[in-house]
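S.K.: The structure follows.
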Amino acid sequence: KAIGVTSGGNPASITLSFTAFTVTGKQWQFEIIAVENKLYNEHWQHQLQNIKDFSVADYIQLHQHFGTYIGQLINNFIEQHALQHQVQLIACNGHNIINLPSKKICVQLGDGASIATITGLAVITDISAMYLALGGDVANLYAKANLLLLVLPGNIIDSTTAQIPE
C-alpha cells in the first residue's frame with residue numbers, strides 16, 4: 001500500500017493518491033482507494049513560477065522546504081483518510097523543474113529526505129528521472145498517471161490489472 005504524489009502535470013496543484021497493490025507472477029493488480037488534488041496556495045504558486053530565477057543555494061533551500069511541505073500534505077492526507085499504519089511507502093515525483101529528455105535530464109523539486117523525516121515513512125523520489133534513465137518517455141509516464149488518477153469519474157475507487165513488461 002503506497003501513497004503516490006505528483007505535481008508535474010498541473011503547475012497549480014499537487015495530486016496525492018493511496019493505492020493498494022497485489023502481484024501474482026507478472027500480473028499486478030491495484031486498487032485506488034483515495035485521491036486528492038490540492039491547489040497550491042499563493043506562496044507556493046509564486047515560488048514555483050519563479051524558480052528559474054533562483055540561485056543554486058536558493059534552489060536547494062526551496063527543494064528542502066518543498067519536501068517539508070509535501071510531507072505535511074501527506075500527513076494531512078493520511079489523517080483525513082484514516083490511513084495510519086497502512087502506508088508502507090511513498091512514491092513522490094515532486095514538481096518537474098527541468099525536463100530535457102533528449103539529454104536524459106529531468107529535475108524534480110521536493111526533497112525526499114525531508115518528506116521521509118516529516119512522515120516517518122520510506123520515500124522513493126525522482127520518479128521521472130528514473131523513468132527517463134531507463135529509456136522511458138516522461139510524457140507517456142504522466143499520461144498513464146493522469147489516466148489512472150485524474151480521469152476517474154469523480155475520482156472514485158477503481159481497480160484494475162496491469163501486465164508489467166520485463
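Ligands are numbered from 1 in the order shown, residues from 1 within each chain, and chains are lettered A, B, ... in the order they appear in the C-alpha cells.
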Please provide as a PDB file with N, CA, C and O atoms, in the first residue's frame all residues within 12 Å of segment 122-130 of chain A, with the sequence filter that same-chain residues fewer than 5 positions apart are discarded (counting only C-alpha atoms).

M.R.:
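For reference, selection-v7.pdb as written:
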ATOM      1  N   LYS A   1       0.856  -1.169   0.000  1.00  0.00           N
ATOM      2  CA  LYS A   1       0.000   0.000   0.000  1.00  0.00           C
ATOM      3  C   LYS A   1       0.899   1.228   0.000  1.00  0.00           C
ATOM      4  O   LYS A   1       1.823   1.321   0.804  1.00  0.00           O
ATOM      5  N   ALA A   2       0.625   2.145  -0.909  1.00  0.00           N
ATOM      6  CA  ALA A   2       1.520   3.281  -1.104  1.00  0.00           C
ATOM      7  C   ALA A   2       0.748   4.560  -1.354  1.00  0.00           C
ATOM      8  O   ALA A   2      -0.366   4.536  -1.878  1.00  0.00           O
ATOM      9  N   ILE A   3       1.390   5.665  -0.991  1.00  0.00           N
ATOM     10  CA  ILE A   3       0.883   6.980  -1.362  1.00  0.00           C
ATOM     11  C   ILE A   3       1.733   7.464  -2.525  1.00  0.00           C
ATOM     12  O   ILE A   3       2.964   7.421  -2.461  1.00  0.00           O
ATOM     13  N   GLY A   4       1.075   7.886  -3.589  1.00  0.00           N
ATOM     14  CA  GLY A   4       1.750   8.466  -4.739  1.00  0.00           C
ATOM     15  C   GLY A   4       1.500   9.963  -4.748  1.00  0.00           C
ATOM     16  O   GLY A   4       0.406  10.425  -4.444  1.00  0.00           O
ATOM     17  N   VAL A   5       2.555  10.729  -5.076  1.00  0.00           N
ATOM     18  CA  VAL A   5       2.463  12.189  -5.101  1.00  0.00           C
ATOM     19  C   VAL A   5       3.061  12.691  -6.404  1.00  0.00           C
ATOM     20  O   VAL A   5       4.183  12.318  -6.758  1.00  0.00           O
ATOM     21  N   THR A   6       2.312  13.515  -7.127  1.00  0.00           N
ATOM     22  CA  THR A   6       2.847  14.123  -8.340  1.00  0.00           C
ATOM     23  C   THR A   6       2.353  15.554  -8.481  1.00  0.00           C
ATOM     24  O   THR A   6       1.255  15.881  -8.077  1.00  0.00           O
ATOM     25  N   SER A   7       3.220  16.364  -9.059  1.00  0.00           N
ATOM     26  CA  SER A   7       2.896  17.771  -9.260  1.00  0.00           C
ATOM     27  C   SER A   7       3.257  18.204 -10.674  1.00  0.00           C
ATOM     28  O   SER A   7       3.136  19.364 -11.004  1.00  0.00           O
ATOM     29  N   GLY A   8       3.719  17.293 -11.489  1.00  0.00           N
ATOM     30  CA  GLY A   8       4.238  17.653 -12.799  1.00  0.00           C
ATOM     31  C   GLY A   8       3.208  17.988 -13.852  1.00  0.00           C
ATOM     32  O   GLY A   8       3.475  18.744 -14.767  1.00  0.00           O
ATOM     33  N   GLY A   9       2.005  17.430 -13.762  1.00  0.00           N
ATOM     34  CA  GLY A   9       1.025  17.624 -14.812  1.00  0.00           C
ATOM     35  C   GLY A   9       0.292  18.950 -14.746  1.00  0.00           C
ATOM     36  O   GLY A   9      -0.128  19.484 -15.755  1.00  0.00           O
ATOM     37  N   GLY A  67       9.952  19.846   0.037  1.00  0.00           N
ATOM     38  CA  GLY A  67       9.851  18.482   0.576  1.00  0.00           C
ATOM     39  C   GLY A  67       9.131  18.464   1.913  1.00  0.00           C
ATOM     40  O   GLY A  67       8.290  17.595   2.177  1.00  0.00           O
ATOM     41  N   ILE A  70       5.468  18.987   1.200  1.00  0.00           N
ATOM     42  CA  ILE A  70       4.859  17.746   0.696  1.00  0.00           C
ATOM     43  C   ILE A  70       4.637  16.774   1.846  1.00  0.00           C
ATOM     44  O   ILE A  70       3.588  16.132   1.946  1.00  0.00           O
ATOM     45  N   GLY A  71       5.627  16.643   2.723  1.00  0.00           N
ATOM     46  CA  GLY A  71       5.480  15.762   3.887  1.00  0.00           C
ATOM     47  C   GLY A  71       4.286  16.142   4.739  1.00  0.00           C
ATOM     48  O   GLY A  71       3.528  15.279   5.213  1.00  0.00           O
ATOM     49  N   ILE A  74       1.134  15.107   2.985  1.00  0.00           N
ATOM     50  CA  ILE A  74       0.950  13.652   3.112  1.00  0.00           C
ATOM     51  C   ILE A  74       0.407  13.311   4.489  1.00  0.00           C
ATOM     52  O   ILE A  74      -0.527  12.512   4.617  1.00  0.00           O
ATOM     53  N   VAL A  87       0.132   2.760   5.345  1.00  0.00           N
ATOM     54  CA  VAL A  87       1.019   3.186   4.258  1.00  0.00           C
ATOM     55  C   VAL A  87       2.391   2.549   4.448  1.00  0.00           C
ATOM     56  O   VAL A  87       3.017   2.722   5.498  1.00  0.00           O
ATOM     57  N   GLN A  88       2.862   1.842   3.420  1.00  0.00           N
ATOM     58  CA  GLN A  88       4.166   1.199   3.503  1.00  0.00           C
ATOM     59  C   GLN A  88       5.269   1.999   2.831  1.00  0.00           C
ATOM     60  O   GLN A  88       6.431   1.849   3.171  1.00  0.00           O
ATOM     61  N   LEU A  89       4.902   2.842   1.876  1.00  0.00           N
ATOM     62  CA  LEU A  89       5.897   3.703   1.248  1.00  0.00           C
ATOM     63  C   LEU A  89       5.216   4.851   0.525  1.00  0.00           C
ATOM     64  O   LEU A  89       4.023   4.831   0.286  1.00  0.00           O
ATOM     65  N   ILE A  90       6.042   5.837   0.221  1.00  0.00           N
ATOM     66  CA  ILE A  90       5.590   7.000  -0.535  1.00  0.00           C
ATOM     67  C   ILE A  90       6.397   7.047  -1.822  1.00  0.00           C
ATOM     68  O   ILE A  90       7.627   6.927  -1.788  1.00  0.00           O
ATOM     69  N   ALA A  91       5.724   7.209  -2.941  1.00  0.00           N
ATOM     70  CA  ALA A  91       6.375   7.430  -4.234  1.00  0.00           C
ATOM     71  C   ALA A  91       6.062   8.863  -4.633  1.00  0.00           C
ATOM     72  O   ALA A  91       4.909   9.202  -4.877  1.00  0.00           O
ATOM     73  N   CYS A  92       7.090   9.701  -4.656  1.00  0.00           N
ATOM     74  CA  CYS A  92       6.875  11.123  -4.892  1.00  0.00           C
ATOM     75  C   CYS A  92       7.691  11.608  -6.082  1.00  0.00           C
ATOM     76  O   CYS A  92       8.914  11.589  -6.050  1.00  0.00           O
ATOM     77  N   ASN A  93       6.992  12.051  -7.099  1.00  0.00           N
ATOM     78  CA  ASN A  93       7.674  12.624  -8.249  1.00  0.00           C
ATOM     79  C   ASN A  93       8.083  14.059  -7.992  1.00  0.00           C
ATOM     80  O   ASN A  93       8.971  14.581  -8.626  1.00  0.00           O
ATOM     81  N   GLY A  94       7.432  14.727  -7.066  1.00  0.00           N
ATOM     82  CA  GLY A  94       7.739  16.128  -6.825  1.00  0.00           C
ATOM     83  C   GLY A  94       7.209  17.002  -7.949  1.00  0.00           C
ATOM     84  O   GLY A  94       6.274  16.640  -8.646  1.00  0.00           O
ATOM     85  N   HIS A  95       7.837  18.144  -8.121  1.00  0.00           N
ATOM     86  CA  HIS A  95       7.403  19.097  -9.149  1.00  0.00           C
ATOM     87  C   HIS A  95       8.505  19.223 -10.200  1.00  0.00           C
ATOM     88  O   HIS A  95       9.632  19.593  -9.880  1.00  0.00           O
ATOM     89  N   ASN A  96       8.188  18.883 -11.443  1.00  0.00           N
ATOM     90  CA  ASN A  96       9.194  18.950 -12.510  1.00  0.00           C
ATOM     91  C   ASN A  96       9.636  20.387 -12.747  1.00  0.00           C
ATOM     92  O   ASN A  96       8.810  21.260 -12.985  1.00  0.00           O
ATOM     93  N   ILE A  97      10.945  20.593 -12.705  1.00  0.00           N
ATOM     94  CA  ILE A  97      11.539  21.907 -12.920  1.00  0.00           C
ATOM     95  C   ILE A  97      12.229  21.955 -14.280  1.00  0.00           C
ATOM     96  O   ILE A  97      12.078  22.901 -15.032  1.00  0.00           O
ATOM     97  N   ILE A  98      12.982  20.898 -14.584  1.00  0.00           N
ATOM     98  CA  ILE A  98      13.700  20.811 -15.859  1.00  0.00           C
ATOM     99  C   ILE A  98      13.365  19.468 -16.489  1.00  0.00           C
ATOM    100  O   ILE A  98      13.459  18.432 -15.839  1.00  0.00           O
ATOM    101  N   ASN A  99      12.970  19.488 -17.758  1.00  0.00           N
ATOM    102  CA  ASN A  99      12.667  18.262 -18.477  1.00  0.00           C
ATOM    103  C   ASN A  99      13.291  18.355 -19.868  1.00  0.00           C
ATOM    104  O   ASN A  99      12.739  18.998 -20.755  1.00  0.00           O
ATOM    105  N   LEU A 100      14.455  17.723 -20.023  1.00  0.00           N
ATOM    106  CA  LEU A 100      15.171  17.690 -21.301  1.00  0.00           C
ATOM    107  C   LEU A 100      15.415  16.236 -21.682  1.00  0.00           C
ATOM    108  O   LEU A 100      16.522  15.712 -21.532  1.00  0.00           O
ATOM    109  N   PRO A 101      14.374  15.538 -22.164  1.00  0.00           N
ATOM    110  CA  PRO A 101      14.515  14.100 -22.440  1.00  0.00           C
ATOM    111  C   PRO A 101      15.608  13.774 -23.455  1.00  0.00           C
ATOM    112  O   PRO A 101      16.250  12.731 -23.348  1.00  0.00           O
ATOM    113  N   LYS A 103      18.443  14.966 -23.628  1.00  0.00           N
ATOM    114  CA  LYS A 103      19.714  14.936 -22.900  1.00  0.00           C
ATOM    115  C   LYS A 103      19.638  14.021 -21.680  1.00  0.00           C
ATOM    116  O   LYS A 103      20.568  13.979 -20.874  1.00  0.00           O
ATOM    117  N   LYS A 104      18.505  13.315 -21.542  1.00  0.00           N
ATOM    118  CA  LYS A 104      18.250  12.434 -20.403  1.00  0.00           C
ATOM    119  C   LYS A 104      18.373  13.179 -19.076  1.00  0.00           C
ATOM    120  O   LYS A 104      18.936  12.680 -18.105  1.00  0.00           O
ATOM    121  N   ILE A 105      17.821  14.394 -19.056  1.00  0.00           N
ATOM    122  CA  ILE A 105      17.842  15.223 -17.854  1.00  0.00           C
ATOM    123  C   ILE A 105      16.408  15.537 -17.440  1.00  0.00           C
ATOM    124  O   ILE A 105      15.602  15.991 -18.248  1.00  0.00           O
ATOM    125  N   CYS A 106      16.132  15.292 -16.176  1.00  0.00           N
ATOM    126  CA  CYS A 106      14.830  15.610 -15.596  1.00  0.00           C
ATOM    127  C   CYS A 106      15.067  15.910 -14.118  1.00  0.00           C
ATOM    128  O   CYS A 106      15.653  15.090 -13.408  1.00  0.00           O
ATOM    129  N   VAL A 107      14.668  17.080 -13.672  1.00  0.00           N
ATOM    130  CA  VAL A 107      14.901  17.500 -12.289  1.00  0.00           C
ATOM    131  C   VAL A 107      13.565  17.808 -11.630  1.00  0.00           C
ATOM    132  O   VAL A 107      12.761  18.556 -12.183  1.00  0.00           O
ATOM    133  N   GLN A 108      13.347  17.217 -10.450  1.00  0.00           N
ATOM    134  CA  GLN A 108      12.120  17.441  -9.707  1.00  0.00           C
ATOM    135  C   GLN A 108      12.430  18.151  -8.388  1.00  0.00           C
ATOM    136  O   GLN A 108      13.413  17.851  -7.730  1.00  0.00           O
ATOM    137  N   LEU A 109      11.556  19.055  -8.021  1.00  0.00           N
ATOM    138  CA  LEU A 109      11.644  19.782  -6.760  1.00  0.00           C
ATOM    139  C   LEU A 109      10.872  19.010  -5.701  1.00  0.00           C
ATOM    140  O   LEU A 109       9.759  18.561  -5.955  1.00  0.00           O
ATOM    141  N   GLY A 110      11.442  18.855  -4.525  1.00  0.00           N
ATOM    142  CA  GLY A 110      10.774  18.166  -3.412  1.00  0.00           C
ATOM    143  C   GLY A 110      11.718  17.149  -2.795  1.00  0.00           C
ATOM    144  O   GLY A 110      11.783  16.009  -3.231  1.00  0.00           O
ATOM    145  N   ASP A 111      12.453  17.554  -1.789  1.00  0.00           N
ATOM    146  CA  ASP A 111      13.492  16.739  -1.163  1.00  0.00           C
ATOM    147  C   ASP A 111      12.903  15.510  -0.467  1.00  0.00           C
ATOM    148  O   ASP A 111      12.127  15.633   0.483  1.00  0.00           O
ATOM    149  N   GLY A 112      13.293  14.331  -0.937  1.00  0.00           N
ATOM    150  CA  GLY A 112      12.799  13.075  -0.375  1.00  0.00           C
ATOM    151  C   GLY A 112      13.185  12.868   1.074  1.00  0.00           C
ATOM    152  O   GLY A 112      12.410  12.315   1.859  1.00  0.00           O
ATOM    153  N   ALA A 113      14.389  13.326   1.474  1.00  0.00           N
ATOM    154  CA  ALA A 113      14.808  13.182   2.868  1.00  0.00           C
ATOM    155  C   ALA A 113      13.900  13.997   3.786  1.00  0.00           C
ATOM    156  O   ALA A 113      13.554  13.558   4.888  1.00  0.00           O
ATOM    157  N   SER A 114      13.491  15.166   3.334  1.00  0.00           N
ATOM    158  CA  SER A 114      12.576  15.996   4.134  1.00  0.00           C
ATOM    159  C   SER A 114      11.202  15.338   4.236  1.00  0.00           C
ATOM    160  O   SER A 114      10.583  15.335   5.311  1.00  0.00           O
ATOM    161  N   ILE A 115      10.739  14.754   3.141  1.00  0.00           N
ATOM    162  CA  ILE A 115       9.445  14.052   3.160  1.00  0.00           C
ATOM    163  C   ILE A 115       9.505  12.891   4.145  1.00  0.00           C
ATOM    164  O   ILE A 115       8.605  12.696   4.965  1.00  0.00           O
ATOM    165  N   ALA A 116      10.588  12.105   4.076  1.00  0.00           N
ATOM    166  CA  ALA A 116      10.748  10.954   4.969  1.00  0.00           C
ATOM    167  C   ALA A 116      10.818  11.390   6.426  1.00  0.00           C
ATOM    168  O   ALA A 116      10.237  10.747   7.312  1.00  0.00           O
ATOM    169  N   THR A 117      11.518  12.488   6.697  1.00  0.00           N
ATOM    170  CA  THR A 117      11.636  12.984   8.065  1.00  0.00           C
ATOM    171  C   THR A 117      10.286  13.404   8.617  1.00  0.00           C
ATOM    172  O   THR A 117       9.941  13.089   9.758  1.00  0.00           O
ATOM    173  N   GLY A 135      15.117   4.773 -20.142  1.00  0.00           N
ATOM    174  CA  GLY A 135      14.728   4.846 -21.549  1.00  0.00           C
ATOM    175  C   GLY A 135      13.266   5.156 -21.771  1.00  0.00           C
ATOM    176  O   GLY A 135      12.786   5.108 -22.903  1.00  0.00           O
ATOM    177  N   GLY A 136      12.551   5.481 -20.722  1.00  0.00           N
ATOM    178  CA  GLY A 136      11.131   5.783 -20.842  1.00  0.00           C
ATOM    179  C   GLY A 136      10.880   7.198 -21.325  1.00  0.00           C
ATOM    180  O   GLY A 136      11.772   8.045 -21.329  1.00  0.00           O
ATOM    181  N   ASP A 137       9.654   7.426 -21.724  1.00  0.00           N
ATOM    182  CA  ASP A 137       9.197   8.740 -22.184  1.00  0.00           C
ATOM    183  C   ASP A 137       8.408   9.367 -21.049  1.00  0.00           C
ATOM    184  O   ASP A 137       7.337   8.891 -20.690  1.00  0.00           O
ATOM    185  N   VAL A 138       8.939  10.447 -20.457  1.00  0.00           N
ATOM    186  CA  VAL A 138       8.310  11.063 -19.291  1.00  0.00           C
ATOM    187  C   VAL A 138       6.898  11.531 -19.608  1.00  0.00           C
ATOM    188  O   VAL A 138       5.990  11.392 -18.785  1.00  0.00           O
ATOM    189  N   ALA A 139       6.655  12.057 -20.798  1.00  0.00           N
ATOM    190  CA  ALA A 139       5.305  12.493 -21.173  1.00  0.00           C
ATOM    191  C   ALA A 139       4.339  11.304 -21.120  1.00  0.00           C
ATOM    192  O   ALA A 139       3.190  11.435 -20.682  1.00  0.00           O
ATOM    193  N   ASN A 140       4.803  10.135 -21.565  1.00  0.00           N
ATOM    194  CA  ASN A 140       3.992   8.925 -21.529  1.00  0.00           C
ATOM    195  C   ASN A 140       3.709   8.521 -20.078  1.00  0.00           C
ATOM    196  O   ASN A 140       2.606   8.080 -19.756  1.00  0.00           O
ATOM    197  N   LEU A 141       4.689   8.692 -19.203  1.00  0.00           N
ATOM    198  CA  LEU A 141       4.512   8.380 -17.796  1.00  0.00           C
ATOM    199  C   LEU A 141       3.402   9.237 -17.199  1.00  0.00           C
ATOM    200  O   LEU A 141       2.520   8.745 -16.500  1.00  0.00           O
ATOM    201  N   TYR A 142       3.424  10.549 -17.490  1.00  0.00           N
ATOM    202  CA  TYR A 142       2.384  11.448 -16.985  1.00  0.00           C
ATOM    203  C   TYR A 142       1.020  11.094 -17.565  1.00  0.00           C
ATOM    204  O   TYR A 142       0.015  11.150 -16.862  1.00  0.00           O
ATOM    205  N   ALA A 145      -0.259   8.135 -15.615  1.00  0.00           N
ATOM    206  CA  ALA A 145      -0.640   8.525 -14.251  1.00  0.00           C
ATOM    207  C   ALA A 145      -1.931   9.336 -14.266  1.00  0.00           C
ATOM    208  O   ALA A 145      -2.821   9.101 -13.447  1.00  0.00           O
TER     209      ALA A 145
END

S.K.: Go through A:Asn50, A:Ile32, A:Thr119, A:Gln27 and flag the residue nearest Glu79 of chain A, using only C-alpha atoms for the distances.

M.R.: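 Of the candidates, the smallest distance to Glu79 of chain A is held by A:Thr119.
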
S.K.: I need the residues in chain A that are alpha helix (DSSP H) according to DSSP; give them as an MDAnalysis selection string.

M.R.: chainID A and resid 42:49 56:80 112:119 127:133 138:149

S.K.: Which of these, A:Gln64, A:Asn76, A:Ser55, A:Gln86, has the shortest distance to Thr19 of chain A once you count only C-alpha atoms?

M.R.: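 Answer, going by the shortest atom-to-atom distance: A:Gln86.
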
S.K.: Which parts of segment 13-133 of chain A does DSSP call strand (DSSP E) when run on the backbone here, written out as a ChimeraX atom specification?

M.R.: /A:13-24,27-39,89-100,105-109,123-125

S.K.: Those residues with C-alpha atoms, as a PDB file, in the first residue's frame please?

M.R.:
ATOM      1  CA  SER A  13      -1.804  21.745  -7.917  1.00  0.00           C
ATOM      2  CA  ILE A  14      -0.448  18.550  -6.419  1.00  0.00           C
ATOM      3  CA  THR A  15      -2.137  15.138  -6.510  1.00  0.00           C
ATOM      4  CA  LEU A  16      -1.968  12.542  -3.736  1.00  0.00           C
ATOM      5  CA  SER A  17      -3.332   9.014  -4.043  1.00  0.00           C
ATOM      6  CA  PHE A  18      -3.451   5.955  -1.805  1.00  0.00           C
ATOM      7  CA  THR A  19      -3.263   2.690  -3.718  1.00  0.00           C
ATOM      8  CA  ALA A  20      -3.194  -0.973  -2.697  1.00  0.00           C
ATOM      9  CA  PHE A  21      -1.100  -3.258  -4.923  1.00  0.00           C
ATOM     10  CA  THR A  22      -1.063  -7.047  -5.235  1.00  0.00           C
ATOM     11  CA  VAL A  23       1.061  -9.148  -7.566  1.00  0.00           C
ATOM     12  CA  THR A  24       0.758 -12.703  -8.808  1.00  0.00           C
ATOM     13  CA  GLN A  27       0.271  -9.667 -13.076  1.00  0.00           C
ATOM     14  CA  TRP A  28      -0.116  -6.598 -10.900  1.00  0.00           C
ATOM     15  CA  GLN A  29      -3.487  -5.563  -9.605  1.00  0.00           C
ATOM     16  CA  PHE A  30      -4.135  -2.259  -7.931  1.00  0.00           C
ATOM     17  CA  GLU A  31      -6.992  -0.524  -6.239  1.00  0.00           C
ATOM     18  CA  ILE A  32      -7.006   3.251  -5.931  1.00  0.00           C
ATOM     19  CA  ILE A  33      -8.560   3.857  -2.545  1.00  0.00           C
ATOM     20  CA  ALA A  34      -8.297   7.638  -2.142  1.00  0.00           C
ATOM     21  CA  VAL A  35      -7.279  10.537  -4.408  1.00  0.00           C
ATOM     22  CA  GLU A  36      -6.982  14.255  -3.696  1.00  0.00           C
ATOM     23  CA  ASN A  37      -5.930  17.130  -5.891  1.00  0.00           C
ATOM     24  CA  LYS A  38      -4.819  20.121  -3.815  1.00  0.00           C
ATOM     25  CA  LEU A  39      -4.330  23.601  -5.229  1.00  0.00           C
ATOM     26  CA  LEU A  89       5.897   3.703   1.248  1.00  0.00           C
ATOM     27  CA  ILE A  90       5.590   7.000  -0.535  1.00  0.00           C
ATOM     28  CA  ALA A  91       6.375   7.430  -4.234  1.00  0.00           C
ATOM     29  CA  CYS A  92       6.875  11.123  -4.892  1.00  0.00           C
ATOM     30  CA  ASN A  93       7.674  12.624  -8.249  1.00  0.00           C
ATOM     31  CA  GLY A  94       7.739  16.128  -6.825  1.00  0.00           C
ATOM     32  CA  HIS A  95       7.403  19.097  -9.149  1.00  0.00           C
ATOM     33  CA  ASN A  96       9.194  18.950 -12.510  1.00  0.00           C
ATOM     34  CA  ILE A  97      11.539  21.907 -12.920  1.00  0.00           C
ATOM     35  CA  ILE A  98      13.700  20.811 -15.859  1.00  0.00           C
ATOM     36  CA  ASN A  99      12.667  18.262 -18.477  1.00  0.00           C
ATOM     37  CA  LEU A 100      15.171  17.690 -21.301  1.00  0.00           C
ATOM     38  CA  ILE A 105      17.842  15.223 -17.854  1.00  0.00           C
ATOM     39  CA  CYS A 106      14.830  15.610 -15.596  1.00  0.00           C
ATOM     40  CA  VAL A 107      14.901  17.500 -12.289  1.00  0.00           C
ATOM     41  CA  GLN A 108      12.120  17.441  -9.707  1.00  0.00           C
ATOM     42  CA  LEU A 109      11.644  19.782  -6.760  1.00  0.00           C
ATOM     43  CA  VAL A 123      10.194   7.519   0.221  1.00  0.00           C
ATOM     44  CA  ILE A 124      11.014   6.921  -3.443  1.00  0.00           C
ATOM     45  CA  THR A 125      11.695  10.177  -5.291  1.00  0.00           C
TER      46      THR A 125
END
